[in-house]
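First the structure, in the form of structure tokens, and then the observations on it.
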Amino acid sequence: AMEDGLRPGARICEGDCAVLKRDDVFKAVAVLRRRKIIFEKQWFYLDNAIGHIYGTTFEVTSGGNLQPKQEVEETTTETKEAGTDNRNIVDDGKSQKLTHDDIKALKDKGIKGQEIVQQLIENSTTFRDKTEFAQDKYIKKKKKKYEAVITIVKPSTRILSTMYYAREPGKINHLRYDTLAQMLTLGNIHAGNKMIVMETCAGLVLGAVMERMGGKKGRYGSIIQMYPGGGPVRAATSCFGFPKLFFNNLHEFPLSKVDSVLSGTFSTDTLPSEPEDNALGEEESNGLTDEKQTSLQETEEESTTEAAMEINQTEEQETMDVNAEDVEFKENKEKEDKENVREKQRKQWERRKKLIETAALLREKNADGLIVASKFHPTPLLLSLLEFVAPSRPFVVYCQYKEPLLECYTKLRKRGGVINLKLSETWLRNYQVLPDRSHPKLTMSGGGGYLLSGITVVLDKGKSDSSNLEALKMEEPSSKRCKVQDLHC
């Protein structure tokens with residue numbers, strides 16, 4: 001089962017990756033001191049949250065400080081006065097006596113959100129005439145607006161997939177959280193597996209597989225991540241907050257080299273271009289790159305001020321020191337260049353070594369499963385990557401649209417070597433569950449994508465396509481036989 005991010009006893013530490021939650025809105029952040037966080041039109045600092053247990057709810061007080069929220073028991077001694085229906089209530093905007101300026105003045109005085117909501121209720125001319133349900137709805141709406149309450153939870157697959165689907169679905173190819181859960185189940189992902197993962201979902205699927213295979217405490221089994229381009233993108237993977245040891249058994253391999261491994265001509269001479277610095281830690285708008293950006297801005301500002309100071313120096317000093325500076329500058333530059341070359345060579349050598357190790361793992365052709373969730377057409381990917389999977393192992397392919405998967409299904413049936421092929425789509429509907437008013441939510445997801453799953457078997461390469469066709473003709477009834485013939489025309 002997917003974890004819910006509320007682990008008992010886990011405490012918020014500096015440097016952690018945490019998720020801020022307000023109602024159904026999530027945001028991933030790095031826990032750092034004296035760093036301004038903006039979330040749901042609120043700004044605050046996470047300093048006071050450090051040391052508290054994950055799952056704690058905080059209130060934002062003056063100066064952007066977080067204070068643990070005290071649980072206040074609602075007094076239900078007096079019966080609320082409510083109307084029988086809302087037919088006589090007209091939304092003309094004149095029912096609230098408090099103006100925008102009055103509310104702003106209350107906020108400036110430091111009055112808590114709870115008290116502001118109470119004042120709004122008292123100053124509303126139509127509140128008593130509303131039905132009990134409408135009153136609850138009004139209070140809930142005003143609390144959301146004026147009570148700055150934030151819960152800090154530990155990242156998990158469920159939370160991060162919900163966050164990405166709500167905030168940036170394009171980054172994860174519109175992979176809905178229930179579809180991701182289906183992928184993990186159909187792929188039979190568990191500790192001790194040797195998995196091949198090919199995804200372009202910002203590292204969310206990779207993180208989900210890593211979490212399912214080893215949990216937060218240890219790493220069991222190994223994962224080979226296939227990537228297109230210069231290097232793998234693991235923006236969402238970094239949000240999980242896995243320890244560094246966790247990545248020891250995570251291997252990466254470029255898609256461009258897959259054919260050479262299959263044909264036995266693999267070499268590391270023609271390496272793909274060096275991965276960019278931001279490729280591994282590239283972050284979306286979930287707040288983890290703000291720190292890097294500010295530090296870059298600071299260094300730029302420092303360099304410009306230094307340049308201005310140098311210009312202000314007198315010309316006489318410049319002419320006196322210019323020769324000495326030139327010699328020193330040249331020497332330093334040569335040293336730096338040599339160090340940079342050495343560092344680059346060392347990195348390239350390490351990368352080649354890892355590539356050779358990963359190629360050897362692939363050549364074993366004994367992977368326990370294959371997960372594909374990418375923006376590329378699934379057919380060529382699947383046909384080549386299935387070569388590395390052992391027989392009697394599951395594979396799952398995700399695609400936002402069903403047409404590419406239909407083509408893939410047809411090609412796999414023709415090729416053979418797979419059984420139990422299924423093309424599926426999960427249907428999701430959220431329900432509001434409240435006393436006397438449980439009903440489906442007005443908004444629901446239009447589609448969470450499609451999955452093609454199956455199990456590998458030993459492919460008998462002796463049989464040709466024609467012999468397979470003959471066998472099909474013998475087995476299938478006449479109505480289906482026509483369809484098969486049409487298919488192979």
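Each chain in the structure tokens gets a letter, A, B and so on, in the order shown; residues start at 1 in every chain, and ligands are counted from 1 in the order they appear.
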Set the distance at 6 Å and use only C-alpha atoms: which residues neighbour Tyr54 of chain A once local chain neighbours fewer than 2 positions away are removed? I'd like the list as a ChimeraX atom specification. /A:10-11,56,152-153
Using only C-alpha atoms, which protein or nucleic acid residues come within 9 Å of segment 342-355 of chain A? Drop anything in the same chain fewer than 2 positions from it, and give the result as a list in words.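 Neighbouring residues, sequence-local ones excluded: His251, Glu252, Phe253, Pro254, Thr268, Asp269, Leu271, Glu274, Asp337, Lys338, Glu339, Asn340, Glu357, Thr358, Ala359 and Ala360 of chain A.
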Skipping near chain neighbours, those fewer than 2 positions away, what residues fall within 6 Å of Glu59 of chain A using only C-alpha atoms, listed as a ChimeraX atom specification? /A:66-67,69,148-149
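Counting only C-alpha atoms, Leu370 of chain A has the following residues at most 9 Å away, ignoring those fewer than 2 positions along the same chain: A:Gly187, A:Met195, A:Ile196, A:Val197, A:Met198, A:Ala367, A:Asp368, A:Val372, A:Leu382, A:Leu385, A:Leu386, A:Phe388, A:Val389, A:Arg393, A:Pro394, A:Phe395, A:Val396, A:Val397.
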Just to be explicit: take each residue in the selection above, keep N, CA and C atoms, and write the result as a compact mmCIF listing (two decimals), in the first residue's frame.
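Result written to part_35.txt:
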```
# COMPACT_ATOMS: atom_id res chain seq x y z
N GLY A 187 3.37 -4.39 -12.18
CA GLY A 187 4.81 -4.66 -12.39
C GLY A 187 5.41 -5.56 -11.33
N MET A 195 15.04 -4.29 -11.76
CA MET A 195 14.05 -3.62 -12.60
C MET A 195 14.69 -2.75 -13.68
N ILE A 196 14.03 -2.68 -14.84
CA ILE A 196 14.41 -1.71 -15.88
C ILE A 196 13.29 -0.68 -15.93
N VAL A 197 13.66 0.59 -15.76
CA VAL A 197 12.67 1.68 -15.77
C VAL A 197 13.04 2.66 -16.87
N MET A 198 12.09 2.89 -17.77
CA MET A 198 12.29 3.90 -18.82
C MET A 198 11.16 4.91 -18.66
N ALA A 367 16.42 -9.38 -16.21
CA ALA A 367 15.66 -8.39 -15.43
C ALA A 367 14.33 -8.98 -14.97
N ASP A 368 13.89 -8.57 -13.77
CA ASP A 368 12.66 -9.12 -13.19
C ASP A 368 11.42 -8.34 -13.60
N VAL A 372 7.65 1.14 -18.42
CA VAL A 372 7.85 2.20 -19.42
C VAL A 372 6.75 3.24 -19.24
N LEU A 382 9.56 -0.81 -26.37
CA LEU A 382 9.21 -2.08 -25.73
C LEU A 382 9.86 -3.26 -26.44
N LEU A 385 13.60 -3.24 -25.40
CA LEU A 385 13.87 -3.42 -23.96
C LEU A 385 13.40 -4.76 -23.42
N LEU A 386 12.39 -5.37 -24.07
CA LEU A 386 11.92 -6.70 -23.62
C LEU A 386 13.00 -7.77 -23.78
N PHE A 388 15.87 -7.66 -22.67
CA PHE A 388 16.68 -7.75 -21.44
C PHE A 388 15.90 -8.35 -20.27
N VAL A 389 14.62 -8.68 -20.49
CA VAL A 389 13.78 -9.19 -19.40
C VAL A 389 13.74 -10.71 -19.44
N ARG A 393 8.19 -12.86 -16.53
CA ARG A 393 8.29 -11.62 -15.75
C ARG A 393 7.30 -10.59 -16.30
N PRO A 394 6.76 -9.72 -15.42
CA PRO A 394 5.75 -8.76 -15.89
C PRO A 394 6.38 -7.51 -16.54
N PHE A 395 5.64 -6.88 -17.42
CA PHE A 395 6.04 -5.58 -17.97
C PHE A 395 4.79 -4.70 -18.04
N VAL A 396 4.99 -3.40 -17.84
CA VAL A 396 3.88 -2.44 -17.87
C VAL A 396 4.30 -1.23 -18.69
N VAL A 397 3.43 -0.80 -19.60
CA VAL A 397 3.70 0.39 -20.43
C VAL A 397 2.57 1.38 -20.23
```
DSSP on the backbone: what in segment 159-213 of chain A comes out alpha helix (DSSP H), as a short mmCIF file (atom, residue, chain, number, x, y, z; two decimals) with N, CA, C and O atoms, in the first residue's frame?
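Contents of states.cif, freshly written:
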```
data_model
loop_
_atom_site.label_atom_id
_atom_site.label_comp_id
_atom_site.auth_asym_id
_atom_site.auth_seq_id
_atom_site.Cartn_x
_atom_site.Cartn_y
_atom_site.Cartn_z
N ILE A 159 1.62 11.17 -2.04
CA ILE A 159 1.58 12.63 -1.90
C ILE A 159 2.21 13.32 -3.10
O ILE A 159 1.64 14.25 -3.66
N LEU A 160 3.39 12.85 -3.52
CA LEU A 160 4.09 13.50 -4.64
C LEU A 160 3.35 13.31 -5.96
O LEU A 160 3.32 14.22 -6.79
N SER A 161 2.76 12.13 -6.17
CA SER A 161 2.03 11.92 -7.42
C SER A 161 0.76 12.78 -7.45
O SER A 161 0.40 13.33 -8.50
N THR A 162 0.12 12.96 -6.30
CA THR A 162 -1.06 13.84 -6.21
C THR A 162 -0.64 15.28 -6.48
O THR A 162 -1.32 16.01 -7.21
N MET A 163 0.49 15.68 -5.89
CA MET A 163 1.00 17.05 -6.06
C MET A 163 1.31 17.35 -7.52
O MET A 163 0.87 18.37 -8.07
N TYR A 164 2.06 16.46 -8.16
CA TYR A 164 2.44 16.68 -9.56
C TYR A 164 1.23 16.68 -10.48
O TYR A 164 1.14 17.50 -11.39
N TYR A 165 0.28 15.76 -10.22
CA TYR A 165 -0.90 15.69 -11.09
C TYR A 165 -1.75 16.96 -10.99
O TYR A 165 -2.34 17.40 -11.97
N ALA A 166 -1.79 17.55 -9.78
CA ALA A 166 -2.58 18.77 -9.58
C ALA A 166 -1.85 20.01 -10.09
O ALA A 166 -2.45 20.89 -10.69
N ARG A 167 -0.53 20.08 -9.85
CA ARG A 167 0.22 21.31 -10.15
C ARG A 167 0.83 21.32 -11.55
O ARG A 167 0.77 22.32 -12.26
N TYR A 177 -2.45 9.47 -10.24
CA TYR A 177 -1.93 8.69 -9.11
C TYR A 177 -2.49 7.28 -9.04
O TYR A 177 -1.77 6.35 -8.67
N ASP A 178 -3.76 7.08 -9.42
CA ASP A 178 -4.33 5.72 -9.37
C ASP A 178 -3.72 4.85 -10.47
O ASP A 178 -3.54 3.64 -10.30
N THR A 179 -3.36 5.49 -11.62
CA THR A 179 -2.71 4.75 -12.72
C THR A 179 -1.31 4.32 -12.30
O THR A 179 -0.87 3.21 -12.60
N LEU A 180 -0.61 5.21 -11.59
CA LEU A 180 0.73 4.89 -11.08
C LEU A 180 0.66 3.73 -10.09
O LEU A 180 1.50 2.82 -10.13
N ALA A 181 -0.36 3.73 -9.24
CA ALA A 181 -0.54 2.63 -8.27
C ALA A 181 -0.77 1.31 -9.01
O ALA A 181 -0.22 0.27 -8.62
N GLN A 182 -1.55 1.37 -10.10
CA GLN A 182 -1.78 0.17 -10.92
C GLN A 182 -0.48 -0.34 -11.54
O GLN A 182 -0.24 -1.54 -11.60
N MET A 183 0.36 0.60 -11.98
CA MET A 183 1.65 0.23 -12.60
C MET A 183 2.53 -0.53 -11.62
O MET A 183 3.13 -1.54 -11.95
N LEU A 184 2.59 -0.01 -10.38
CA LEU A 184 3.44 -0.64 -9.35
C LEU A 184 2.93 -2.03 -9.01
O LEU A 184 3.71 -2.94 -8.74
N THR A 185 1.60 -2.20 -9.03
CA THR A 185 1.01 -3.51 -8.71
C THR A 185 1.20 -4.49 -9.87
O THR A 185 1.65 -5.61 -9.67
N LEU A 186 0.86 -4.04 -11.09
CA LEU A 186 0.99 -4.91 -12.27
C LEU A 186 2.45 -5.29 -12.53
O LEU A 186 2.74 -6.36 -13.05
N LEU A 204 9.41 10.72 -11.27
CA LEU A 204 8.36 10.32 -10.32
C LEU A 204 8.17 8.81 -10.30
O LEU A 204 8.10 8.20 -9.23
N VAL A 205 8.13 8.19 -11.48
CA VAL A 205 7.94 6.73 -11.57
C VAL A 205 9.16 6.03 -10.98
O VAL A 205 9.03 5.04 -10.24
N LEU A 206 10.35 6.56 -11.28
CA LEU A 206 11.59 5.99 -10.72
C LEU A 206 11.55 6.03 -9.20
O LEU A 206 11.84 5.03 -8.53
N GLY A 207 11.18 7.18 -8.63
CA GLY A 207 11.09 7.34 -7.17
C GLY A 207 10.09 6.39 -6.56
O GLY A 207 10.32 5.80 -5.50
N ALA A 208 8.94 6.21 -7.25
CA ALA A 208 7.90 5.30 -6.77
C ALA A 208 8.41 3.86 -6.73
O ALA A 208 8.16 3.13 -5.77
N VAL A 209 9.16 3.47 -7.77
CA VAL A 209 9.72 2.11 -7.84
C VAL A 209 10.76 1.93 -6.74
O VAL A 209 10.79 0.90 -6.04
N MET A 210 11.61 2.96 -6.54
CA MET A 210 12.65 2.89 -5.50
C MET A 210 12.02 2.76 -4.12
O MET A 210 12.48 1.97 -3.29
N GLU A 211 10.96 3.52 -3.88
CA GLU A 211 10.30 3.47 -2.57
C GLU A 211 9.67 2.10 -2.34
O GLU A 211 9.79 1.52 -1.26
N ARG A 212 9.01 1.57 -3.36
CA ARG A 212 8.34 0.25 -3.24
C ARG A 212 9.37 -0.86 -3.05
O ARG A 212 9.11 -1.85 -2.36
N MET A 213 10.55 -0.72 -3.64
CA MET A 213 11.55 -1.79 -3.57
C MET A 213 12.33 -1.80 -2.27
O MET A 213 12.86 -2.83 -1.87
#
```
Spatial neighbours of Leu406 of chain A, 10 Å, only C-alpha atoms, chain gap at least 4 places, as a list in words: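 In the requested format, the answer is Thr379, Tyr401, Lys402, Thr410, Lys411, Leu412, Leu423 and Leu452 of chain A.
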Only N, CA and C atoms, please: the residues just picked out, written as a compact mmCIF listing (two decimals), in the first residue's frame.
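Full text of out00.txt as output:
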```txt
# COMPACT_ATOMS: atom_id res chain seq x y z
N THR A 379 6.07 1.32 -28.97
CA THR A 379 6.38 0.08 -29.71
C THR A 379 7.88 -0.19 -29.85
N TYR A 401 -2.31 8.24 -24.36
CA TYR A 401 -3.34 7.94 -25.37
C TYR A 401 -3.36 6.44 -25.65
N LYS A 402 -4.52 5.93 -26.11
CA LYS A 402 -4.62 4.48 -26.29
C LYS A 402 -4.13 4.01 -27.67
N THR A 410 -0.85 -5.00 -31.01
CA THR A 410 -0.90 -5.78 -32.25
C THR A 410 0.48 -6.33 -32.61
N LYS A 411 1.51 -5.47 -32.50
CA LYS A 411 2.88 -5.89 -32.83
C LYS A 411 3.35 -7.01 -31.92
N LEU A 412 3.04 -6.90 -30.63
CA LEU A 412 3.47 -7.92 -29.66
C LEU A 412 2.77 -9.25 -29.92
N LEU A 423 -4.93 -4.33 -22.14
CA LEU A 423 -4.93 -2.88 -22.31
C LEU A 423 -6.03 -2.34 -21.42
N LEU A 452 -0.69 -0.86 -20.80
CA LEU A 452 -0.59 -2.14 -21.48
C LEU A 452 0.31 -3.02 -20.63
```
